[in-house]
Amino acid sequence: MMRKQWLFILALVALGLTVSITQAATGLPPEDAPLIRHFYKVHNTCANVESFVRHQVQLVSAGDPTVAPKLIKLLYADCMVNGCDASILLDGPHTEKASPKARGLAAFVVIDNIKRVLEARCPGAVSCADILNLAARDAVYLSGGPSYPVFLGRRDGLESKAEWVDFPSPSINILDRLYNFNNTGKPDPTMEESALTYLRKQCPPKLRLGQPNPLINLNPSNPTHRFTNSYYSRVLNNKAVLGVDQQLRYGGDTYDLTDEYASSIEDFKGSLLFQ
């Protein structure tokens with residue numbers, strides 16, 4: 001089951017709050033209380049929270065097709081550090097948000113705006129951690145993916161430290177795969193030729209003075225950032241951008257799942273519904 005979760009996260013990442021306005025939500029359960037469906041409706045603190053959140057995500061999605069991968073990546077970054085407590089949203093010179101490894105994160109303003117709307121309608125009721133989880137779910141749905149149940153009642157973290165951040169940097173060097181694989185002076189022999197040609201055009205061996213590092217879509221087959229299983233097809237065809245992604249093709253269990261998801265987008269969607 002964990003392998004399925006990681007495969008799903010990898011594909012979604014491949015799709016790309018400020019303290020001053022954030023008020024701590026009151027009326028939330030103790031930290032060890034279980035999450036439940038429709039928490040705010042059950043406790044009559046913000047019965048329409050899910051409708052409010054989805055409407056705001058719809059407004060953003062209409063003008064920014066990249067909002068789904070941005071929110072999924074933000075949720076992933078939050079949950080990987082200290083649990084899903086929204087501590088990634090806290091501002092400050094030494095917070096998770098300030099870590100160099102968090103430079104590639106975006107969509108903070110989306111959560112910021114949703115929080116404003118909810119504070120106007122349900123003051124102090126809804127945690128930012130729940131908002132982030134709901135917004136990510138709705139963005140996936142609006143990009144063509146499934147809508148899945150989100151259990152609610154999370155409490156927001158009040159502490160955030162940059163040194164806690166231990167996920168991959170937004171800048172990853174792939175030049176060794178393109179030009180000098182394993183110090184051979186040649187590209188990775190497993191790379192499909194058209195993928196190699198495309199990536200070499202995007203990533204020259206040397207950059208001109210002042211030229212920024214190129215920004216690469218990890219799934220070039222999906223320029224519109226819709227929910228798709230084309231990422232898995234690229235892995236099977238040796239077109240993965242990152243070597244670590246390409247390794248999914250060569251593992252036993254990971255190959256089976258990659259093949260299953262590449263063959264059926266419905267199986268891919270179903271894997272999210274039954275986590």
# chains A, B, ... in the order shown; residues from 1 in each chain; ligands from 1
>>> residues_around(residues="range 241-254 of chain A", least_positions_apart="2", cutoff="9 Å", atoms="only C-alpha atoms", output="NGL selection string")
:A and (3-4 or 7 or 10 or 172 or 174 or 177 or 188 or 190-191 or 195-196 or 199 or 216-220 or 234-239 or 256-259)
>>> write_last_selection(atoms="N, CA, C and O atoms", output="compact mmCIF listing (two decimals), in the first residue's frame")
# COMPACT_ATOMS: atom_id res chain seq x y z
N ARG A 3 3.78 1.60 -1.33
CA ARG A 3 4.33 1.79 -2.67
C ARG A 3 3.33 2.52 -3.55
O ARG A 3 3.68 3.39 -4.34
N LYS A 4 2.04 2.17 -3.44
CA LYS A 4 1.01 2.84 -4.24
C LYS A 4 0.93 4.31 -3.87
O LYS A 4 0.79 5.18 -4.73
N LEU A 7 3.92 6.11 -5.42
CA LEU A 7 3.77 6.24 -6.86
C LEU A 7 2.79 7.33 -7.21
O LEU A 7 2.98 8.10 -8.14
N LEU A 10 4.42 10.77 -6.60
CA LEU A 10 5.38 11.10 -7.65
C LEU A 10 4.68 11.63 -8.89
O LEU A 10 5.11 12.62 -9.49
N ILE A 172 17.64 20.08 -9.22
CA ILE A 172 18.21 18.74 -9.32
C ILE A 172 19.05 18.67 -10.58
O ILE A 172 18.60 19.04 -11.68
N ILE A 174 20.51 16.97 -13.66
CA ILE A 174 20.30 15.79 -14.49
C ILE A 174 21.33 15.73 -15.63
O ILE A 174 21.22 14.89 -16.52
N ARG A 177 22.99 12.39 -16.59
CA ARG A 177 22.22 11.46 -17.43
C ARG A 177 22.30 11.86 -18.90
O ARG A 177 22.19 11.02 -19.80
N ASP A 188 22.96 8.46 -20.53
CA ASP A 188 22.39 7.24 -19.96
C ASP A 188 21.86 6.38 -21.11
O ASP A 188 20.97 6.80 -21.86
N THR A 190 19.91 3.98 -21.22
CA THR A 190 18.52 3.54 -21.12
C THR A 190 17.54 4.61 -21.59
O THR A 190 16.35 4.31 -21.78
N MET A 191 18.00 5.85 -21.79
CA MET A 191 17.08 6.92 -22.17
C MET A 191 16.62 6.78 -23.62
O MET A 191 17.44 6.55 -24.52
N ALA A 195 13.44 11.53 -26.07
CA ALA A 195 13.47 12.17 -24.75
C ALA A 195 14.84 12.77 -24.48
O ALA A 195 14.95 13.88 -23.94
N LEU A 196 15.88 12.07 -24.87
CA LEU A 196 17.25 12.58 -24.70
C LEU A 196 17.45 13.85 -25.52
O LEU A 196 18.00 14.84 -25.02
N LEU A 199 15.54 16.79 -23.86
CA LEU A 199 16.15 17.28 -22.63
C LEU A 199 17.49 17.97 -22.89
O LEU A 199 17.84 18.93 -22.20
N ILE A 216 12.20 22.55 -15.85
CA ILE A 216 11.79 21.41 -16.67
C ILE A 216 10.51 20.79 -16.12
O ILE A 216 10.38 20.52 -14.93
N ASN A 217 9.56 20.57 -17.00
CA ASN A 217 8.34 19.84 -16.65
C ASN A 217 8.71 18.36 -16.52
O ASN A 217 9.22 17.75 -17.46
N LEU A 218 8.45 17.78 -15.37
CA LEU A 218 8.80 16.37 -15.17
C LEU A 218 7.93 15.43 -15.99
O LEU A 218 8.23 14.25 -16.09
N ASN A 219 6.85 15.95 -16.54
CA ASN A 219 6.01 15.15 -17.44
C ASN A 219 5.72 15.98 -18.69
O ASN A 219 4.64 16.56 -18.82
N PRO A 220 6.66 16.05 -19.63
CA PRO A 220 6.45 16.88 -20.82
C PRO A 220 5.25 16.46 -21.65
O PRO A 220 4.78 17.23 -22.49
N ARG A 234 5.44 7.22 -19.78
CA ARG A 234 6.79 7.71 -20.06
C ARG A 234 7.84 6.85 -19.34
O ARG A 234 8.90 6.55 -19.89
N VAL A 235 7.54 6.45 -18.12
CA VAL A 235 8.48 5.58 -17.39
C VAL A 235 8.67 4.26 -18.13
O VAL A 235 9.80 3.79 -18.32
N LEU A 236 7.57 3.65 -18.57
CA LEU A 236 7.66 2.37 -19.28
C LEU A 236 8.43 2.50 -20.59
O LEU A 236 9.08 1.55 -21.03
N ASN A 237 8.36 3.68 -21.20
CA ASN A 237 9.03 3.91 -22.48
C ASN A 237 10.42 4.54 -22.33
O ASN A 237 10.98 5.06 -23.30
N ASN A 238 10.94 4.51 -21.10
CA ASN A 238 12.29 5.04 -20.82
C ASN A 238 12.41 6.52 -21.14
O ASN A 238 13.45 6.99 -21.62
N LYS A 239 11.35 7.28 -20.85
CA LYS A 239 11.35 8.72 -21.10
C LYS A 239 11.29 9.55 -19.82
O LYS A 239 11.05 10.76 -19.88
N ASP A 256 5.12 -3.53 -11.77
CA ASP A 256 3.74 -4.00 -11.90
C ASP A 256 2.74 -2.85 -11.73
O ASP A 256 1.77 -2.73 -12.48
N LEU A 257 2.99 -2.01 -10.73
CA LEU A 257 2.08 -0.88 -10.50
C LEU A 257 2.19 0.15 -11.62
O LEU A 257 1.19 0.72 -12.07
N THR A 258 3.42 0.42 -12.07
CA THR A 258 3.61 1.37 -13.17
C THR A 258 2.89 0.89 -14.42
O THR A 258 2.20 1.66 -15.11
N ASP A 259 3.00 -0.40 -14.71
CA ASP A 259 2.33 -0.97 -15.87
C ASP A 259 0.81 -0.90 -15.72
O ASP A 259 0.09 -0.58 -16.68
>>> select_by_dssp(residues="range 79-182 of chain A", states="alpha helix (DSSP H)", output="JSON, numbers by chain")
{"A": [79, 80, 81, 82, 108, 109, 110, 111, 112, 113, 114, 115, 116, 117, 118, 119, 120, 121, 128, 129, 130, 131, 132, 133, 134, 135, 136, 137, 138, 139, 140, 141, 142, 175, 176, 177, 178, 179]}
>>> residues_around(residues="Ser147 in chain A", least_positions_apart="6", cutoff="7 Å", atoms="only C-alpha atoms", output="PyMOL selection string")
chain A and resi 137-138+141
>>> residues_around(residues="Ala106 in chain A", least_positions_apart="6", cutoff="9 Å", atoms="only C-alpha atoms", output="ChimeraX atom specification")
/A:16,67,70-71,73-74
>>> residues_around(residues="Phe227 in chain A", least_positions_apart="2", cutoff="6 Å", atoms="only C-alpha atoms", output="MDAnalysis selection string")
chainID A and resid 143:145
>>> residues_around(residues="Ala102 in chain A", least_positions_apart="3", cutoff="12 Å", atoms="only C-alpha atoms", output="ChimeraX atom specification")
/A:73-74,76-78,81,88-89,94-99,105-106,108,161-171
>>> closest_residue(among="A:Ala240, A:Ile111, A:Ala129, A:Leu215", to="Leu158 in chain A", atoms="only C-alpha atoms")
A:Ala129
>>> residues_around(residues="range 43-56 of chain A", least_positions_apart="6", cutoff="12 Å", atoms="only C-alpha atoms", output="PDB file with N, CA, C and O atoms, in the first residue's frame")
ATOM      1  N   ALA A  25      -7.461  28.390  14.847  1.00  0.00           N
ATOM      2  CA  ALA A  25      -8.838  27.899  14.892  1.00  0.00           C
ATOM      3  C   ALA A  25      -9.157  27.410  16.298  1.00  0.00           C
ATOM      4  O   ALA A  25      -8.360  26.727  16.942  1.00  0.00           O
ATOM      5  N   THR A  26     -10.302  27.774  16.775  1.00  0.00           N
ATOM      6  CA  THR A  26     -10.740  27.344  18.094  1.00  0.00           C
ATOM      7  C   THR A  26     -11.797  26.264  17.939  1.00  0.00           C
ATOM      8  O   THR A  26     -12.363  26.058  16.876  1.00  0.00           O
ATOM      9  N   GLY A  27     -12.065  25.557  19.010  1.00  0.00           N
ATOM     10  CA  GLY A  27     -13.105  24.549  18.973  1.00  0.00           C
ATOM     11  C   GLY A  27     -12.693  23.259  18.301  1.00  0.00           C
ATOM     12  O   GLY A  27     -13.536  22.415  17.983  1.00  0.00           O
ATOM     13  N   LEU A  28     -11.374  23.086  18.055  1.00  0.00           N
ATOM     14  CA  LEU A  28     -10.898  21.844  17.468  1.00  0.00           C
ATOM     15  C   LEU A  28     -10.665  20.800  18.552  1.00  0.00           C
ATOM     16  O   LEU A  28     -10.488  21.131  19.727  1.00  0.00           O
ATOM     17  N   PRO A  29     -10.661  19.511  18.185  1.00  0.00           N
ATOM     18  CA  PRO A  29     -10.493  18.447  19.179  1.00  0.00           C
ATOM     19  C   PRO A  29      -9.067  18.395  19.701  1.00  0.00           C
ATOM     20  O   PRO A  29      -8.171  19.028  19.141  1.00  0.00           O
ATOM     21  N   ILE A  36     -12.491  13.012  11.457  1.00  0.00           N
ATOM     22  CA  ILE A  36     -13.777  12.477  11.035  1.00  0.00           C
ATOM     23  C   ILE A  36     -14.261  13.195   9.777  1.00  0.00           C
ATOM     24  O   ILE A  36     -13.820  14.296   9.457  1.00  0.00           O
ATOM     25  N   ARG A  37     -15.173  12.557   9.058  1.00  0.00           N
ATOM     26  CA  ARG A  37     -15.802  13.200   7.913  1.00  0.00           C
ATOM     27  C   ARG A  37     -16.725  14.310   8.405  1.00  0.00           C
ATOM     28  O   ARG A  37     -17.387  14.199   9.416  1.00  0.00           O
ATOM     29  N   ALA A  62      -9.499  28.354 -12.800  1.00  0.00           N
ATOM     30  CA  ALA A  62      -9.936  28.910 -14.081  1.00  0.00           C
ATOM     31  C   ALA A  62      -8.845  29.743 -14.748  1.00  0.00           C
ATOM     32  O   ALA A  62      -8.781  29.816 -15.972  1.00  0.00           O
ATOM     33  N   GLY A  63      -7.989  30.340 -13.954  1.00  0.00           N
ATOM     34  CA  GLY A  63      -6.932  31.182 -14.508  1.00  0.00           C
ATOM     35  C   GLY A  63      -5.542  30.607 -14.393  1.00  0.00           C
ATOM     36  O   GLY A  63      -4.590  31.135 -14.987  1.00  0.00           O
ATOM     37  N   VAL A  67      -2.398  25.051 -10.679  1.00  0.00           N
ATOM     38  CA  VAL A  67      -2.701  25.117  -9.254  1.00  0.00           C
ATOM     39  C   VAL A  67      -2.763  23.734  -8.613  1.00  0.00           C
ATOM     40  O   VAL A  67      -2.414  23.575  -7.437  1.00  0.00           O
ATOM     41  N   VAL A 109      -0.487  31.808  -1.580  1.00  0.00           N
ATOM     42  CA  VAL A 109      -1.512  32.849  -1.662  1.00  0.00           C
ATOM     43  C   VAL A 109      -2.901  32.243  -1.826  1.00  0.00           C
ATOM     44  O   VAL A 109      -3.895  32.833  -1.410  1.00  0.00           O
ATOM     45  N   VAL A 110      -2.995  31.067  -2.418  1.00  0.00           N
ATOM     46  CA  VAL A 110      -4.295  30.400  -2.565  1.00  0.00           C
ATOM     47  C   VAL A 110      -4.863  30.057  -1.191  1.00  0.00           C
ATOM     48  O   VAL A 110      -6.039  30.330  -0.890  1.00  0.00           O
ATOM     49  N   ILE A 111      -4.030  29.463  -0.349  1.00  0.00           N
ATOM     50  CA  ILE A 111      -4.477  29.122   1.010  1.00  0.00           C
ATOM     51  C   ILE A 111      -4.768  30.392   1.798  1.00  0.00           C
ATOM     52  O   ILE A 111      -5.731  30.463   2.573  1.00  0.00           O
ATOM     53  N   ASP A 112      -3.955  31.403   1.584  1.00  0.00           N
ATOM     54  CA  ASP A 112      -4.144  32.701   2.235  1.00  0.00           C
ATOM     55  C   ASP A 112      -5.538  33.259   1.929  1.00  0.00           C
ATOM     56  O   ASP A 112      -6.278  33.691   2.819  1.00  0.00           O
ATOM     57  N   ASN A 113      -5.909  33.238   0.652  1.00  0.00           N
ATOM     58  CA  ASN A 113      -7.209  33.785   0.255  1.00  0.00           C
ATOM     59  C   ASN A 113      -8.374  32.958   0.782  1.00  0.00           C
ATOM     60  O   ASN A 113      -9.406  33.500   1.192  1.00  0.00           O
ATOM     61  N   ILE A 114      -8.216  31.641   0.768  1.00  0.00           N
ATOM     62  CA  ILE A 114      -9.281  30.776   1.311  1.00  0.00           C
ATOM     63  C   ILE A 114      -9.459  31.037   2.793  1.00  0.00           C
ATOM     64  O   ILE A 114     -10.591  31.095   3.311  1.00  0.00           O
ATOM     65  N   LYS A 115      -8.357  31.224   3.492  1.00  0.00           N
ATOM     66  CA  LYS A 115      -8.426  31.500   4.933  1.00  0.00           C
ATOM     67  C   LYS A 115      -9.185  32.799   5.191  1.00  0.00           C
ATOM     68  O   LYS A 115      -9.998  32.884   6.119  1.00  0.00           O
ATOM     69  N   ARG A 116      -8.957  33.812   4.368  1.00  0.00           N
ATOM     70  CA  ARG A 116      -9.674  35.079   4.521  1.00  0.00           C
ATOM     71  C   ARG A 116     -11.185  34.872   4.379  1.00  0.00           C
ATOM     72  O   ARG A 116     -11.977  35.393   5.159  1.00  0.00           O
ATOM     73  N   VAL A 117     -11.565  34.112   3.359  1.00  0.00           N
ATOM     74  CA  VAL A 117     -12.987  33.855   3.115  1.00  0.00           C
ATOM     75  C   VAL A 117     -13.608  33.119   4.303  1.00  0.00           C
ATOM     76  O   VAL A 117     -14.696  33.482   4.776  1.00  0.00           O
ATOM     77  N   LEU A 118     -12.935  32.117   4.792  1.00  0.00           N
ATOM     78  CA  LEU A 118     -13.482  31.328   5.901  1.00  0.00           C
ATOM     79  C   LEU A 118     -13.512  32.122   7.203  1.00  0.00           C
ATOM     80  O   LEU A 118     -14.438  31.957   8.013  1.00  0.00           O
ATOM     81  N   GLU A 119     -12.530  32.982   7.408  1.00  0.00           N
ATOM     82  CA  GLU A 119     -12.551  33.804   8.617  1.00  0.00           C
ATOM     83  C   GLU A 119     -13.735  34.771   8.597  1.00  0.00           C
ATOM     84  O   GLU A 119     -14.301  35.099   9.641  1.00  0.00           O
ATOM     85  N   ALA A 120     -14.122  35.224   7.401  1.00  0.00           N
ATOM     86  CA  ALA A 120     -15.273  36.120   7.292  1.00  0.00           C
ATOM     87  C   ALA A 120     -16.581  35.380   7.561  1.00  0.00           C
ATOM     88  O   ALA A 120     -17.539  35.959   8.079  1.00  0.00           O
ATOM     89  N   ARG A 121     -16.615  34.084   7.230  1.00  0.00           N
ATOM     90  CA  ARG A 121     -17.846  33.315   7.375  1.00  0.00           C
ATOM     91  C   ARG A 121     -17.893  32.486   8.651  1.00  0.00           C
ATOM     92  O   ARG A 121     -18.958  32.299   9.231  1.00  0.00           O
ATOM     93  N   CYS A 122     -16.757  31.973   9.057  1.00  0.00           N
ATOM     94  CA  CYS A 122     -16.689  31.096  10.241  1.00  0.00           C
ATOM     95  C   CYS A 122     -15.458  31.494  11.050  1.00  0.00           C
ATOM     96  O   CYS A 122     -14.438  30.779  11.036  1.00  0.00           O
ATOM     97  N   PRO A 123     -15.489  32.611  11.740  1.00  0.00           N
ATOM     98  CA  PRO A 123     -14.294  33.113  12.434  1.00  0.00           C
ATOM     99  C   PRO A 123     -13.699  32.104  13.414  1.00  0.00           C
ATOM    100  O   PRO A 123     -14.400  31.536  14.250  1.00  0.00           O
ATOM    101  N   GLY A 124     -12.390  31.886  13.268  1.00  0.00           N
ATOM    102  CA  GLY A 124     -11.669  31.057  14.223  1.00  0.00           C
ATOM    103  C   GLY A 124     -12.059  29.602  14.251  1.00  0.00           C
ATOM    104  O   GLY A 124     -11.753  28.902  15.216  1.00  0.00           O
ATOM    105  N   ALA A 125     -12.712  29.107  13.205  1.00  0.00           N
ATOM    106  CA  ALA A 125     -13.248  27.744  13.257  1.00  0.00           C
ATOM    107  C   ALA A 125     -12.402  26.716  12.525  1.00  0.00           C
ATOM    108  O   ALA A 125     -12.200  25.607  13.017  1.00  0.00           O
ATOM    109  N   VAL A 126     -11.915  27.054  11.335  1.00  0.00           N
ATOM    110  CA  VAL A 126     -11.306  26.059  10.451  1.00  0.00           C
ATOM    111  C   VAL A 126      -9.785  26.184  10.475  1.00  0.00           C
ATOM    112  O   VAL A 126      -9.233  27.269  10.286  1.00  0.00           O
ATOM    113  N   SER A 127      -9.111  25.069  10.681  1.00  0.00           N
ATOM    114  CA  SER A 127      -7.646  25.087  10.722  1.00  0.00           C
ATOM    115  C   SER A 127      -7.066  25.212   9.324  1.00  0.00           C
ATOM    116  O   SER A 127      -7.657  24.765   8.331  1.00  0.00           O
ATOM    117  N   CYS A 128      -5.893  25.817   9.240  1.00  0.00           N
ATOM    118  CA  CYS A 128      -5.207  25.929   7.949  1.00  0.00           C
ATOM    119  C   CYS A 128      -4.804  24.549   7.433  1.00  0.00           C
ATOM    120  O   CYS A 128      -4.748  24.330   6.212  1.00  0.00           O
ATOM    121  N   ASP A 130      -6.543  21.790   7.665  1.00  0.00           N
ATOM    122  CA  ASP A 130      -7.706  21.242   6.967  1.00  0.00           C
ATOM    123  C   ASP A 130      -7.940  21.961   5.646  1.00  0.00           C
ATOM    124  O   ASP A 130      -8.305  21.346   4.641  1.00  0.00           O
ATOM    125  N   ILE A 131      -7.740  23.269   5.629  1.00  0.00           N
ATOM    126  CA  ILE A 131      -7.910  24.030   4.385  1.00  0.00           C
ATOM    127  C   ILE A 131      -6.969  23.507   3.306  1.00  0.00           C
ATOM    128  O   ILE A 131      -7.370  23.289   2.154  1.00  0.00           O
ATOM    129  N   LEU A 132      -5.716  23.279   3.658  1.00  0.00           N
ATOM    130  CA  LEU A 132      -4.736  22.808   2.687  1.00  0.00           C
ATOM    131  C   LEU A 132      -5.120  21.439   2.138  1.00  0.00           C
ATOM    132  O   LEU A 132      -5.026  21.180   0.933  1.00  0.00           O
ATOM    133  N   ASN A 133      -5.569  20.543   3.003  1.00  0.00           N
ATOM    134  CA  ASN A 133      -5.983  19.210   2.552  1.00  0.00           C
ATOM    135  C   ASN A 133      -7.203  19.271   1.642  1.00  0.00           C
ATOM    136  O   ASN A 133      -7.267  18.585   0.616  1.00  0.00           O
ATOM    137  N   LEU A 134      -8.178  20.105   1.990  1.00  0.00           N
ATOM    138  CA  LEU A 134      -9.373  20.240   1.156  1.00  0.00           C
ATOM    139  C   LEU A 134      -9.039  20.882  -0.187  1.00  0.00           C
ATOM    140  O   LEU A 134      -9.524  20.443  -1.240  1.00  0.00           O
ATOM    141  N   ALA A 135      -8.225  21.916  -0.174  1.00  0.00           N
ATOM    142  CA  ALA A 135      -7.885  22.622  -1.408  1.00  0.00           C
ATOM    143  C   ALA A 135      -7.124  21.713  -2.368  1.00  0.00           C
ATOM    144  O   ALA A 135      -7.368  21.735  -3.585  1.00  0.00           O
ATOM    145  N   ALA A 136      -6.208  20.898  -1.846  1.00  0.00           N
ATOM    146  CA  ALA A 136      -5.458  19.974  -2.702  1.00  0.00           C
ATOM    147  C   ALA A 136      -6.402  18.949  -3.329  1.00  0.00           C
ATOM    148  O   ALA A 136      -6.301  18.645  -4.524  1.00  0.00           O
ATOM    149  N   ARG A 137      -7.312  18.406  -2.517  1.00  0.00           N
ATOM    150  CA  ARG A 137      -8.291  17.450  -3.042  1.00  0.00           C
ATOM    151  C   ARG A 137      -9.132  18.068  -4.161  1.00  0.00           C
ATOM    152  O   ARG A 137      -9.323  17.467  -5.226  1.00  0.00           O
ATOM    153  N   ASP A 138      -9.619  19.279  -3.939  1.00  0.00           N
ATOM    154  CA  ASP A 138     -10.475  19.930  -4.928  1.00  0.00           C
ATOM    155  C   ASP A 138      -9.710  20.280  -6.200  1.00  0.00           C
ATOM    156  O   ASP A 138     -10.254  20.200  -7.302  1.00  0.00           O
ATOM    157  N   ALA A 139      -8.454  20.655  -6.060  1.00  0.00           N
ATOM    158  CA  ALA A 139      -7.646  20.970  -7.235  1.00  0.00           C
ATOM    159  C   ALA A 139      -7.422  19.729  -8.093  1.00  0.00           C
ATOM    160  O   ALA A 139      -7.446  19.803  -9.334  1.00  0.00           O
ATOM    161  N   VAL A 140      -7.191  18.587  -7.448  1.00  0.00           N
ATOM    162  CA  VAL A 140      -7.055  17.321  -8.185  1.00  0.00           C
ATOM    163  C   VAL A 140      -8.342  17.032  -8.958  1.00  0.00           C
ATOM    164  O   VAL A 140      -8.322  16.696 -10.148  1.00  0.00           O
ATOM    165  N   TYR A 141      -9.474  17.178  -8.291  1.00  0.00           N
ATOM    166  CA  TYR A 141     -10.768  16.916  -8.930  1.00  0.00           C
ATOM    167  C   TYR A 141     -11.004  17.861 -10.113  1.00  0.00           C
ATOM    168  O   TYR A 141     -11.419  17.431 -11.195  1.00  0.00           O
ATOM    169  N   LEU A 142     -10.720  19.126  -9.923  1.00  0.00           N
ATOM    170  CA  LEU A 142     -10.966  20.112 -10.975  1.00  0.00           C
ATOM    171  C   LEU A 142     -10.010  19.963 -12.159  1.00  0.00           C
ATOM    172  O   LEU A 142     -10.271  20.480 -13.243  1.00  0.00           O
ATOM    173  N   SER A 147     -12.537  12.791  -6.913  1.00  0.00           N
ATOM    174  CA  SER A 147     -12.753  13.495  -5.654  1.00  0.00           C
ATOM    175  C   SER A 147     -12.801  12.448  -4.552  1.00  0.00           C
ATOM    176  O   SER A 147     -13.561  11.489  -4.633  1.00  0.00           O
ATOM    177  N   PRO A 149     -12.686  11.402  -0.211  1.00  0.00           N
ATOM    178  CA  PRO A 149     -13.084  11.936   1.098  1.00  0.00           C
ATOM    179  C   PRO A 149     -11.878  12.454   1.881  1.00  0.00           C
ATOM    180  O   PRO A 149     -10.809  11.853   1.859  1.00  0.00           O
ATOM    181  N   VAL A 150     -12.054  13.585   2.531  1.00  0.00           N
ATOM    182  CA  VAL A 150     -11.013  14.157   3.396  1.00  0.00           C
ATOM    183  C   VAL A 150     -11.549  14.198   4.819  1.00  0.00           C
ATOM    184  O   VAL A 150     -12.568  14.838   5.091  1.00  0.00           O
ATOM    185  N   PHE A 151     -10.890  13.496   5.701  1.00  0.00           N
ATOM    186  CA  PHE A 151     -11.268  13.521   7.105  1.00  0.00           C
ATOM    187  C   PHE A 151     -10.697  14.785   7.743  1.00  0.00           C
ATOM    188  O   PHE A 151      -9.560  15.176   7.454  1.00  0.00           O
ATOM    189  N   LEU A 152     -11.469  15.410   8.605  1.00  0.00           N
ATOM    190  CA  LEU A 152     -11.126  16.742   9.110  1.00  0.00           C
ATOM    191  C   LEU A 152     -11.022  16.772  10.626  1.00  0.00           C
ATOM    192  O   LEU A 152     -11.387  15.832  11.316  1.00  0.00           O
ATOM    193  N   GLY A 153     -10.515  17.914  11.118  1.00  0.00           N
ATOM    194  CA  GLY A 153     -10.326  18.101  12.548  1.00  0.00           C
ATOM    195  C   GLY A 153      -8.867  18.259  12.930  1.00  0.00           C
ATOM    196  O   GLY A 153      -8.504  18.099  14.103  1.00  0.00           O
TER     197      GLY A 153
END
>>> closest_residue(among="A:Asn183, A:Pro189, A:Arg154, A:Pro69", to="Phe39 in chain A", atoms="only C-alpha atoms")
A:Arg154
